[in-house]
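model.pdb, holding PDB, C-alpha atoms:
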ATOM      1  CA  MET A   1       0.000   0.000   0.000
ATOM      2  CA  PRO A   2       1.228   3.543  -0.776
ATOM      3  CA  GLY A   3       2.513   5.544   2.161
ATOM      4  CA  GLY A   4       1.013   8.745   3.530
ATOM      5  CA  GLN A   5       3.395  11.020   1.611
ATOM      6  CA  GLU A   6       2.688   9.224  -1.659
ATOM      7  CA  ARG A   7      -1.078   9.506  -1.161
ATOM      8  CA  ALA A   8      -0.756  13.251  -0.443
ATOM      9  CA  LEU A   9       1.310  13.745  -3.595
ATOM     10  CA  ARG A  10      -1.211  11.791  -5.667
ATOM     11  CA  ARG A  11      -4.037  14.037  -4.432
ATOM     12  CA  ARG A  12      -2.047  17.161  -5.173
ATOM     13  CA  ILE A  13      -1.157  15.970  -8.684
ATOM     14  CA  SER A  14      -4.831  15.254  -9.348
ATOM     15  CA  SER A  15      -5.749  18.746  -8.125
ATOM     16  CA  VAL A  16      -3.127  20.427 -10.329
ATOM     17  CA  GLN A  17      -4.268  18.396 -13.341
ATOM     18  CA  SER A  18      -7.845  19.608 -12.815
ATOM     19  CA  THR A  19      -6.638  23.200 -12.572
ATOM     20  CA  LYS A  20      -4.587  22.735 -15.743
ATOM     21  CA  LYS A  21      -7.686  21.630 -17.655
ATOM     22  CA  ILE A  22      -9.520  24.791 -16.530
ATOM     23  CA  THR A  23      -6.671  27.168 -17.440
ATOM     24  CA  ARG A  24      -6.209  25.453 -20.799
ATOM     25  CA  ALA A  25      -9.909  25.857 -21.589
ATOM     26  CA  MET A  26      -9.820  29.524 -20.551
ATOM     27  CA  GLU A  27      -6.759  30.059 -22.752
ATOM     28  CA  LEU A  28      -8.566  28.661 -25.794
ATOM     29  CA  ILE A  29     -11.703  30.706 -25.088
ATOM     30  CA  ALA A  30      -9.653  33.903 -24.712
ATOM     31  CA  ALA A  31      -7.805  33.183 -27.971
ATOM     32  CA  THR A  32     -11.126  32.872 -29.790
ATOM     33  CA  ARG A  33     -12.464  36.076 -28.263
ATOM     34  CA  VAL A  34      -9.330  38.017 -29.168
ATOM     35  CA  VAL A  35      -9.938  37.222 -32.822
ATOM     36  CA  LYS A  36     -13.568  38.294 -32.582
ATOM     37  CA  ALA A  37     -12.627  41.522 -30.783
ATOM     38  CA  GLN A  38     -10.088  42.325 -33.494
ATOM     39  CA  GLN A  39     -12.712  41.735 -36.163
ATOM     40  CA  ARG A  40     -15.177  44.025 -34.383
ATOM     41  CA  ALA A  41     -12.556  46.771 -34.046
ATOM     42  CA  HIS A  42     -11.739  46.436 -37.741
ATOM     43  CA  ALA A  43     -15.432  46.558 -38.664
ATOM     44  CA  ALA A  44     -15.896  49.785 -36.657
ATOM     45  CA  ARG A  45     -13.111  51.652 -38.448
ATOM     46  CA  PRO A  46     -15.055  52.568 -41.638
ATOM     47  CA  TYR A  47     -17.645  54.454 -39.550
ATOM     48  CA  ALA A  48     -14.970  56.427 -37.698
ATOM     49  CA  THR A  49     -13.123  57.097 -40.960
ATOM     50  CA  LYS A  50     -16.247  58.362 -42.680
ATOM     51  CA  LEU A  51     -17.196  60.519 -39.707
ATOM     52  CA  THR A  52     -13.751  62.105 -39.657
ATOM     53  CA  GLY A  53     -14.011  62.582 -43.415
ATOM     54  CA  VAL A  54     -17.194  64.615 -43.074
ATOM     55  CA  ILE A  55     -15.528  66.802 -40.438
ATOM     56  CA  GLU A  56     -12.674  67.270 -42.920
ATOM     57  CA  ASP A  57     -15.205  68.510 -45.438
ATOM     58  CA  VAL A  58     -16.629  70.962 -42.910
ATOM     59  CA  ALA A  59     -13.146  72.173 -41.993
ATOM     60  CA  ALA A  60     -12.224  72.545 -45.680
ATOM     61  CA  GLY A  61     -15.126  74.965 -46.054
ATOM     62  CA  GLY A  62     -13.508  77.345 -43.568
ATOM     63  CA  THR A  63     -16.281  76.960 -40.992
ATOM     64  CA  GLU A  64     -15.741  78.854 -37.775
ATOM     65  CA  ALA A  65     -17.552  76.620 -35.336
ATOM     66  CA  SER A  66     -18.071  76.904 -31.628
ATOM     67  CA  HIS A  67     -19.482  74.003 -29.711
ATOM     68  CA  PRO A  68     -19.599  73.166 -25.980
ATOM     69  CA  LEU A  69     -17.531  70.029 -26.607
ATOM     70  CA  LEU A  70     -14.756  72.209 -28.088
ATOM     71  CA  GLU A  71     -14.712  74.714 -25.236
ATOM     72  CA  ARG A  72     -11.468  74.996 -23.331
ATOM     73  CA  ARG A  73     -11.787  76.197 -19.748
ATOM     74  CA  GLU A  74      -9.272  78.763 -18.601
ATOM     75  CA  VAL A  75      -9.330  77.337 -15.067
ATOM     76  CA  VAL A  76      -9.619  73.583 -14.595
ATOM     77  CA  ARG A  77     -11.182  73.029 -11.197
ATOM     78  CA  ARG A  78     -12.376  69.429 -11.567
ATOM     79  CA  ILE A  79     -11.078  66.670 -13.854
ATOM     80  CA  GLY A  80     -13.213  63.724 -14.856
ATOM     81  CA  PHE A  81     -11.506  60.344 -15.184
ATOM     82  CA  VAL A  82     -13.061  57.682 -17.405
ATOM     83  CA  VAL A  83     -11.288  54.429 -16.536
ATOM     84  CA  ILE A  84     -11.953  51.270 -18.555
ATOM     85  CA  THR A  85     -11.218  47.979 -16.767
ATOM     86  CA  SER A  86     -12.732  44.500 -16.945
ATOM     87  CA  ASP A  87     -15.572  42.873 -15.031
ATOM     88  CA  ARG A  88     -13.555  39.691 -14.454
ATOM     89  CA  GLY A  89     -10.038  38.914 -13.290
ATOM     90  CA  LEU A  90      -7.479  36.296 -14.346
ATOM     91  CA  ALA A  91      -6.132  38.668 -17.008
ATOM     92  CA  GLY A  92      -2.589  39.147 -15.776
ATOM     93  CA  PRO A  93      -1.491  42.778 -15.295
ATOM     94  CA  TYR A  94      -4.311  44.156 -17.455
ATOM     95  CA  ASN A  95      -6.445  45.747 -14.721
ATOM     96  CA  SER A  96      -3.629  46.730 -12.382
ATOM     97  CA  SER A  97      -1.755  48.586 -15.146
ATOM     98  CA  VAL A  98      -4.783  50.671 -16.112
ATOM     99  CA  ILE A  99      -5.785  51.354 -12.489
ATOM    100  CA  LYS A 100      -2.287  52.437 -11.473
ATOM    101  CA  ALA A 101      -2.040  54.823 -14.427
ATOM    102  CA  ALA A 102      -5.445  56.355 -13.612
ATOM    103  CA  GLU A 103      -4.645  56.664  -9.906
ATOM    104  CA  ARG A 104      -1.350  58.339 -10.722
ATOM    105  CA  GLU A 105      -3.124  60.950 -12.846
ATOM    106  CA  LEU A 106      -5.744  61.442 -10.138
ATOM    107  CA  MET A 107      -3.101  61.989  -7.451
ATOM    108  CA  ASP A 108      -1.290  64.483  -9.687
ATOM    109  CA  ALA A 109      -4.543  66.404 -10.081
ATOM    110  CA  GLN A 110      -5.044  66.474  -6.312
ATOM    111  CA  THR A 111      -1.472  67.698  -5.873
ATOM    112  CA  ARG A 112      -2.305  70.634  -8.173
ATOM    113  CA  GLY A 113      -5.340  71.402  -5.997
ATOM    114  CA  GLN A 114      -7.904  70.080  -8.499
ATOM    115  CA  ASP A 115     -10.948  68.008  -7.619
ATOM    116  CA  TYR A 116     -11.795  64.763  -9.407
ATOM    117  CA  SER A 117     -14.796  62.867 -10.716
ATOM    118  CA  LEU A 118     -14.469  59.126 -11.282
ATOM    119  CA  MET A 119     -16.516  57.462 -14.020
ATOM    120  CA  LEU A 120     -15.591  53.792 -14.037
ATOM    121  CA  ILE A 121     -16.308  51.114 -16.638
ATOM    122  CA  GLY A 122     -15.736  47.608 -15.296
ATOM    123  CA  LYS A 123     -16.160  45.966 -11.907
ATOM    124  CA  LYS A 124     -12.447  45.608 -11.152
ATOM    125  CA  GLY A 125     -11.848  49.342 -11.254
ATOM    126  CA  GLN A 126     -14.897  49.949  -9.078
ATOM    127  CA  ASP A 127     -13.705  47.435  -6.480
ATOM    128  CA  TYR A 128     -10.264  49.023  -6.334
ATOM    129  CA  PHE A 129     -11.330  52.656  -5.977
ATOM    130  CA  ARG A 130     -14.226  51.844  -3.649
ATOM    131  CA  PHE A 131     -11.927  49.858  -1.354
ATOM    132  CA  ARG A 132      -9.628  52.889  -1.119
ATOM    133  CA  ASN A 133     -12.535  55.221  -0.344
ATOM    134  CA  TYR A 134     -12.393  57.263  -3.561
ATOM    135  CA  ARG A 135     -15.573  59.044  -4.561
ATOM    136  CA  ILE A 136     -17.203  57.312  -7.550
ATOM    137  CA  ASP A 137     -19.709  59.424  -9.486
ATOM    138  CA  GLU A 138     -20.636  56.933 -12.218
ATOM    139  CA  ALA A 139     -20.149  53.174 -12.505
ATOM    140  CA  PHE A 140     -20.889  50.894 -15.454
ATOM    141  CA  GLU A 141     -20.747  47.102 -15.641
ATOM    142  CA  ASP A 142     -21.405  44.289 -18.127
ATOM    143  CA  MET A 143     -19.960  46.130 -21.113
ATOM    144  CA  SER A 144     -16.216  45.516 -20.975
ATOM    145  CA  ASP A 145     -16.258  41.986 -22.432
ATOM    146  CA  THR A 146     -18.280  42.613 -25.605
ATOM    147  CA  PRO A 147     -19.046  46.350 -25.789
ATOM    148  CA  THR A 148     -21.731  47.636 -28.136
ATOM    149  CA  TYR A 149     -22.159  51.038 -29.701
ATOM    150  CA  GLU A 150     -25.179  51.618 -27.473
ATOM    151  CA  ASP A 151     -22.936  51.090 -24.449
ATOM    152  CA  ALA A 152     -20.527  53.721 -25.784
ATOM    153  CA  ARG A 153     -23.396  56.095 -26.500
ATOM    154  CA  ARG A 154     -24.816  55.725 -22.997
ATOM    155  CA  VAL A 155     -21.475  56.484 -21.349
ATOM    156  CA  ALA A 156     -20.605  59.269 -23.804
ATOM    157  CA  GLU A 157     -23.913  61.050 -23.175
ATOM    158  CA  ILE A 158     -23.326  61.106 -19.419
ATOM    159  CA  VAL A 159     -19.722  62.267 -19.781
ATOM    160  CA  ALA A 160     -20.635  64.956 -22.329
ATOM    161  CA  GLU A 161     -23.549  66.186 -20.197
ATOM    162  CA  ARG A 162     -21.290  66.582 -17.161
ATOM    163  CA  PHE A 163     -18.734  68.446 -19.267
ATOM    164  CA  GLU A 164     -21.237  70.742 -20.969
ATOM    165  CA  SER A 165     -22.933  71.558 -17.655
ATOM    166  CA  GLY A 166     -19.624  72.713 -16.210
ATOM    167  CA  TYR A 167     -19.483  70.064 -13.484
ATOM    168  CA  ILE A 168     -16.132  68.909 -14.897
ATOM    169  CA  ASP A 169     -13.720  71.052 -16.893
ATOM    170  CA  GLU A 170     -11.660  68.310 -18.516
ATOM    171  CA  VAL A 171     -11.993  64.564 -19.103
ATOM    172  CA  ILE A 172      -9.123  62.068 -19.122
ATOM    173  CA  LEU A 173      -9.669  58.637 -20.682
ATOM    174  CA  THR A 174      -7.543  55.748 -19.401
ATOM    175  CA  TYR A 175      -7.645  52.321 -21.042
ATOM    176  CA  MET A 176      -5.463  49.583 -22.513
ATOM    177  CA  GLU A 177      -4.700  50.222 -26.168
ATOM    178  CA  PHE A 178      -4.478  47.146 -28.403
ATOM    179  CA  VAL A 179      -1.470  47.235 -30.733
ATOM    180  CA  THR A 180      -0.919  43.590 -31.650
ATOM    181  CA  ILE A 181      -1.788  40.237 -30.134
ATOM    182  CA  GLY A 182       1.461  40.375 -28.197
ATOM    183  CA  THR A 183       1.625  44.092 -27.457
ATOM    184  CA  GLN A 184      -0.801  46.263 -25.504
ATOM    185  CA  ARG A 185      -0.027  49.551 -23.791
ATOM    186  CA  VAL A 186      -1.800  51.792 -21.324
ATOM    187  CA  ALA A 187      -3.234  54.918 -22.955
ATOM    188  CA  VAL A 188      -3.928  58.088 -20.937
ATOM    189  CA  ARG A 189      -5.524  60.664 -23.227
ATOM    190  CA  ARG A 190      -7.558  63.794 -22.997
ATOM    191  CA  PHE A 191     -11.089  62.949 -24.016
ATOM    192  CA  LEU A 192     -12.810  66.319 -23.570
ATOM    193  CA  PRO A 193     -12.649  69.089 -24.642
ATOM    194  CA  LEU A 194     -12.190  67.915 -28.204
ATOM    195  CA  GLU A 195      -9.495  69.336 -30.379
ATOM    196  CA  SER A 196     -10.543  72.018 -32.837
ATOM    197  CA  ILE A 197     -12.167  70.746 -36.005
ATOM    198  CA  GLU A 198      -9.009  71.660 -37.904
ATOM    199  CA  VAL A 199      -6.985  69.292 -35.695
ATOM    200  CA  ILE A 200      -9.657  66.594 -36.022
ATOM    201  CA  ALA A 201      -9.533  67.010 -39.767
ATOM    202  CA  THR A 202      -5.750  66.594 -39.900
ATOM    203  CA  SER A 203      -6.140  63.207 -38.179
ATOM    204  CA  GLY A 204      -7.972  61.913 -41.252
ATOM    205  CA  SER A 205      -6.684  60.895 -44.642
ATOM    206  CA  GLY A 206      -5.392  64.363 -45.542
ATOM    207  CA  GLU A 207      -6.585  63.940 -49.153
ATOM    208  CA  GLN A 208      -7.687  66.889 -51.242
ATOM    209  CA  ARG A 209     -11.447  67.079 -50.898
ATOM    210  CA  ALA A 210     -14.047  68.608 -53.164
ATOM    211  CA  ALA A 211     -16.176  71.560 -52.047
ATOM    212  CA  PHE A 212     -19.516  70.621 -50.487
ATOM    213  CA  GLU A 213     -22.629  72.518 -49.627
ATOM    214  CA  PHE A 214     -24.142  71.594 -46.277
ATOM    215  CA  GLU A 215     -27.801  71.801 -45.334
ATOM    216  CA  PRO A 216     -29.091  73.364 -43.216
ATOM    217  CA  SER A 217     -25.579  74.801 -42.567
ATOM    218  CA  PRO A 218     -22.049  73.629 -41.824
ATOM    219  CA  GLU A 219     -22.559  74.659 -38.197
ATOM    220  CA  GLY A 220     -25.740  72.575 -37.977
ATOM    221  CA  VAL A 221     -23.975  69.539 -39.439
ATOM    222  CA  LEU A 222     -21.118  69.993 -36.992
ATOM    223  CA  GLU A 223     -23.567  70.309 -34.116
ATOM    224  CA  SER A 224     -24.863  66.853 -34.987
ATOM    225  CA  LEU A 225     -21.489  65.285 -35.813
ATOM    226  CA  LEU A 226     -19.416  66.176 -32.773
ATOM    227  CA  PRO A 227     -21.485  64.123 -30.279
ATOM    228  CA  ARG A 228     -21.247  61.184 -32.700
ATOM    229  CA  TYR A 229     -17.508  61.761 -32.889
ATOM    230  CA  VAL A 230     -17.266  61.532 -29.085
ATOM    231  CA  GLU A 231     -19.259  58.287 -29.125
ATOM    232  CA  SER A 232     -17.036  56.900 -31.874
ATOM    233  CA  ARG A 233     -13.848  57.655 -29.913
ATOM    234  CA  LEU A 234     -15.225  56.013 -26.777
ATOM    235  CA  PHE A 235     -16.468  52.988 -28.727
ATOM    236  CA  SER A 236     -13.021  52.575 -30.271
ATOM    237  CA  ALA A 237     -11.453  52.701 -26.790
ATOM    238  CA  LEU A 238     -13.927  50.086 -25.504
ATOM    239  CA  LEU A 239     -13.126  47.761 -28.404
ATOM    240  CA  ASP A 240      -9.394  48.208 -27.832
ATOM    241  CA  ALA A 241      -9.834  47.501 -24.132
ATOM    242  CA  ALA A 242     -11.871  44.350 -24.822
ATOM    243  CA  ALA A 243      -9.274  42.991 -27.246
ATOM    244  CA  SER A 244      -6.478  43.824 -24.781
ATOM    245  CA  GLU A 245      -8.333  42.084 -21.955
ATOM    246  CA  HIS A 246      -8.706  38.853 -23.936
ATOM    247  CA  ALA A 247      -5.078  38.988 -25.122
ATOM    248  CA  ASN A 248      -3.826  39.453 -21.555
ATOM    249  CA  ARG A 249      -6.094  36.668 -20.294
ATOM    250  CA  GLN A 250      -4.836  34.331 -23.020
ATOM    251  CA  ARG A 251      -1.213  34.971 -22.011
ATOM    252  CA  ALA A 252      -1.997  34.637 -18.306
ATOM    253  CA  MET A 253      -3.824  31.339 -18.788
ATOM    254  CA  LYS A 254      -1.060  29.989 -21.030
ATOM    255  CA  ALA A 255       1.490  30.838 -18.340
ATOM    256  CA  ALA A 256      -0.727  29.170 -15.731
ATOM    257  CA  THR A 257      -1.044  26.045 -17.903
ATOM    258  CA  ASP A 258       2.734  25.881 -18.420
ATOM    259  CA  ASN A 259       3.311  26.309 -14.696
ATOM    260  CA  ALA A 260       0.823  23.525 -13.969
ATOM    261  CA  GLU A 261       2.663  21.180 -16.343
ATOM    262  CA  GLU A 262       5.973  22.009 -14.671
ATOM    263  CA  LEU A 263       4.488  21.498 -11.206
ATOM    264  CA  ILE A 264       2.978  18.149 -12.236
ATOM    265  CA  THR A 265       6.416  17.017 -13.435
ATOM    266  CA  LYS A 266       8.046  18.011 -10.141
ATOM    267  CA  LEU A 267       5.328  16.389  -8.053
ATOM    268  CA  THR A 268       5.497  13.187 -10.129
ATOM    269  CA  ARG A 269       9.242  12.966  -9.515
ATOM    270  CA  ALA A 270       8.719  13.550  -5.803
ATOM    271  CA  MET A 271       6.023  10.864  -5.751
ATOM    272  CA  ASN A 272       8.323   8.402  -7.540
ATOM    273  CA  ARG A 273      11.073   9.104  -5.010
ATOM    274  CA  ALA A 274       8.615   8.587  -2.161
ATOM    275  CA  ARG A 275       7.477   5.321  -3.749
ATOM    276  CA  GLN A 276      11.071   4.145  -4.166
ATOM    277  CA  ASP A 277      11.824   5.035  -0.564
ATOM    278  CA  ALA A 278       8.747   3.086   0.574
ATOM    279  CA  ILE A 279       9.735   0.068  -1.557
ATOM    280  CA  THR A 280      13.300   0.175  -0.248
ATOM    281  CA  THR A 281      12.013   0.368   3.320
ATOM    282  CA  GLU A 282       9.729  -2.635   2.750
ATOM    283  CA  ILE A 283      12.581  -4.665   1.223
ATOM    284  CA  MET A 284      14.824  -3.850   4.151
ATOM    285  CA  GLU A 285      12.096  -4.911   6.550
ATOM    286  CA  ILE A 286      11.614  -8.198   4.691
ATOM    287  CA  VAL A 287      15.357  -8.887   4.649
ATOM    288  CA  GLY A 288      15.602  -8.002   8.325
ATOM    289  CA  GLY A 289      12.684 -10.325   9.160
ATOM    290  CA  ALA A 290      14.247 -13.162   7.172
ATOM    291  CA  GLU A 291      17.560 -12.716   8.959
ATOM    292  CA  ALA A 292      15.748 -12.705  12.301
ATOM    293  CA  LEU A 293      13.985 -15.967  11.395
ATOM    294  CA  LYS A 294      17.287 -17.569  10.379
ATOM    295  CA  GLN A 295      18.842 -16.481  13.652
ATOM    296  CA  ASP A 296      15.923 -17.985  15.595
ATOM    297  CA  ASP A 297      16.367 -21.290  13.743
ATOM    298  CA  ARG A 298      20.090 -21.331  14.554
ATOM    299  CA  ASP A 299      19.390 -20.591  18.212
ATOM    300  CA  ARG A 300      16.907 -23.467  18.390
ATOM    301  CA  VAL A 301      19.429 -25.904  16.826
ATOM    302  CA  VAL A 302      22.130 -24.880  19.274
ATOM    303  CA  ALA A 303      19.748 -25.195  22.201
ATOM    304  CA  SER A 304      18.728 -28.653  20.979
ATOM    305  CA  HIS A 305      22.364 -29.744  20.754
ATOM    306  CA  ILE A 306      23.061 -28.420  24.215
ATOM    307  CA  ALA A 307      20.010 -30.189  25.599
ATOM    308  CA  SER A 308      21.088 -33.486  23.928
ATOM    309  CA  ASN A 309      24.611 -33.194  25.324
ATOM    310  CA  ASP A 310      23.233 -32.480  28.798
ATOM    311  CA  ALA A 311      21.012 -35.597  28.641
ATOM    312  CA  ALA A 312      23.930 -37.780  27.518
ATOM    313  CA  ALA A 313      26.165 -36.535  30.317
ATOM    314  CA  HIS A 314      23.446 -37.162  32.877
ATOM    315  CA  LEU A 315      22.985 -40.737  31.623
ATOM    316  CA  ALA A 316      26.748 -41.414  31.782
ATOM    317  CA  ALA A 317      26.919 -40.162  35.338
ATOM    318  CA  GLU A 318      24.140 -42.479  36.368
ATOM    319  CA  LEU A 319      25.869 -45.548  34.803
ATOM    320  CA  ILE A 320      29.152 -44.752  36.511
ATOM    321  CA  SER A 321      27.450 -44.412  39.878
ATOM    322  CA  GLN A 322      25.945 -47.894  39.499
TER     323      GLN A 322
END

Let's see the structure in the file written out as structure tokens.
Amino acid sequence: MPGGQERALRRRISSVQSTKKITRAMELIAATRVVKAQQRAHAARPYATKLTGVIEDVAAGGTEASHPLLERREVVRRIGFVVITSDRGLAGPYNSSVIKAAERELMDAQTRGQDYSLMLIGKKGQDYFRFRNYRIDEAFEDMSDTPTYEDARRVAEIVAERFESGYIDEVILTYMEFVTIGTQRVAVRRFLPLESIEVIATSGSGEQRAAFEFEPSPEGVLESLLPRYVESRLFSALLDAAASEHANRQRAMKAATDNAEELITKLTRAMNRARQDAITTEIMEIVGGAEALKQDDRDRVVASHIASNDAAAHLAAELISQ
């Protein structure tokens, strides 16, 4: 029968093997979702490109536009922070990197004497800032994994309303930017106020564009486009964050699977050594028992010889005495 140490190692190996199956399955799921997130981000680009193109057309017409989303405040008293994290963990350094970058910006703002307003997307960010007693003005969940344009619109409307009302004077967006499947980086960017339409236009294709007439007016078109532009930027950030989350989770689960395989190998070797030690101990016990039995047999033979000799001597003494 296996010894106590061997049984404990067997149970631990079985536990690690079960964990390995889970991490392997999560790795495969994350790999599939990364591909889908990349496809969604690619599919959203034509809309953003066309929207920027229309703003280029407005800018090419020499429109002097003023819009609340373009307004720069001379004194920034309160900064709004939109932080995009995930609703679930097991994604490596994904959440911690974004949270640390956002907290660093927030602490810098407090050092300058500015107030803050936290608008958090994702449960992990909410848990972190709530645990540290930060004031959270808005919280959104169930949109980080597979964000939709309606999710972006809902958040963008709240952020824009707070900016236009004067409650916040500037908005900083913090999220994980997706570069490639193996590279993601934390992005900390000003979200509001928007750049001037001339700057927005230069971010487009830069091609020579034909003259257009806008109805009812270029200003009216711009009034309708800029909120859509804000939604488009936020939706792009959400898609980048979702793809980055799945890429980080895939790497984390692959590392966990590799570590499980390595641990199983080490535990199997330890179990084999324990088994060999147990077998060696049993063999030594058997050999020792056999030697003890042989010694008992020899002792009995000697005692028998001694008893026989004693009987013969006693008989001889009796004969002599007669």

Which residues come within 7 Å of A:Leu69, counting all atoms listed in the file, excluding same-chain residues fewer than 2 positions away, as a ChimeraX atom specification? /A:67,71,164,192-194

Output the residue selection produced by the PyMOL selection byres ((chain A and resi 122) around 12) on the file above, formatted as a PyMOL selection string. chain A and resi 82-89+95+98-99+119-121+123-129+138-147+175+238+241-242+245

When you draw a straight line from atom CA of A:Glu105 to atom CA of A:Thr180, how long is it in Å? 25.7 Å

If we count only C-alpha atoms, what is near A:Asp169 at a cut-off of 8 Å, once residues fewer than 4 positions away on the same chain are taken out, given as a list of chain:residue names? A:Arg72, A:Arg73, A:Val75, A:Val76, A:Arg77, A:Arg78, A:Ile79, A:Gly80, A:Phe163

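Note that atom CA of A:Pro46 and atom CA of A:Leu70 are 23.9 Å apart.
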
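Taking atom CA of A:Tyr116 as the reference point, atom CA of A:Phe131 is found at 16.9 Å.
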
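Applied to the file shown here, the PyMOL selection byres ((chain A and resi 271-274) around 12) selects the residues A:Pro2, A:Gly3, A:Gly4, A:Gln5, A:Glu6, A:Arg7, A:Ala8, A:Leu9, A:Arg10, A:Arg11, A:Arg12, A:Ile13, A:Ile264, A:Thr265, A:Lys266, A:Leu267, A:Thr268, A:Arg269, A:Ala270, A:Arg275, A:Gln276, A:Asp277, A:Ala278, A:Ile279, A:Thr280, A:Thr281.
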
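Minimum distance to A:Glu231 across A:Thr148, A:Asn259, A:Thr174, A:Thr183 (counting all atoms listed in the file) occurs at A:Thr148.
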
Evaluate the PyMOL selection byres ((chain A and resi 39-45) around 9) against this structure - the residues, as a list in words, please. Val34, Val35, Lys36, Ala37, Gln38, Pro46, Tyr47, Ala48, Thr49, Lys50, Ser232, Phe235, Ser236, Leu239, Asp240 and Ala243 of chain A
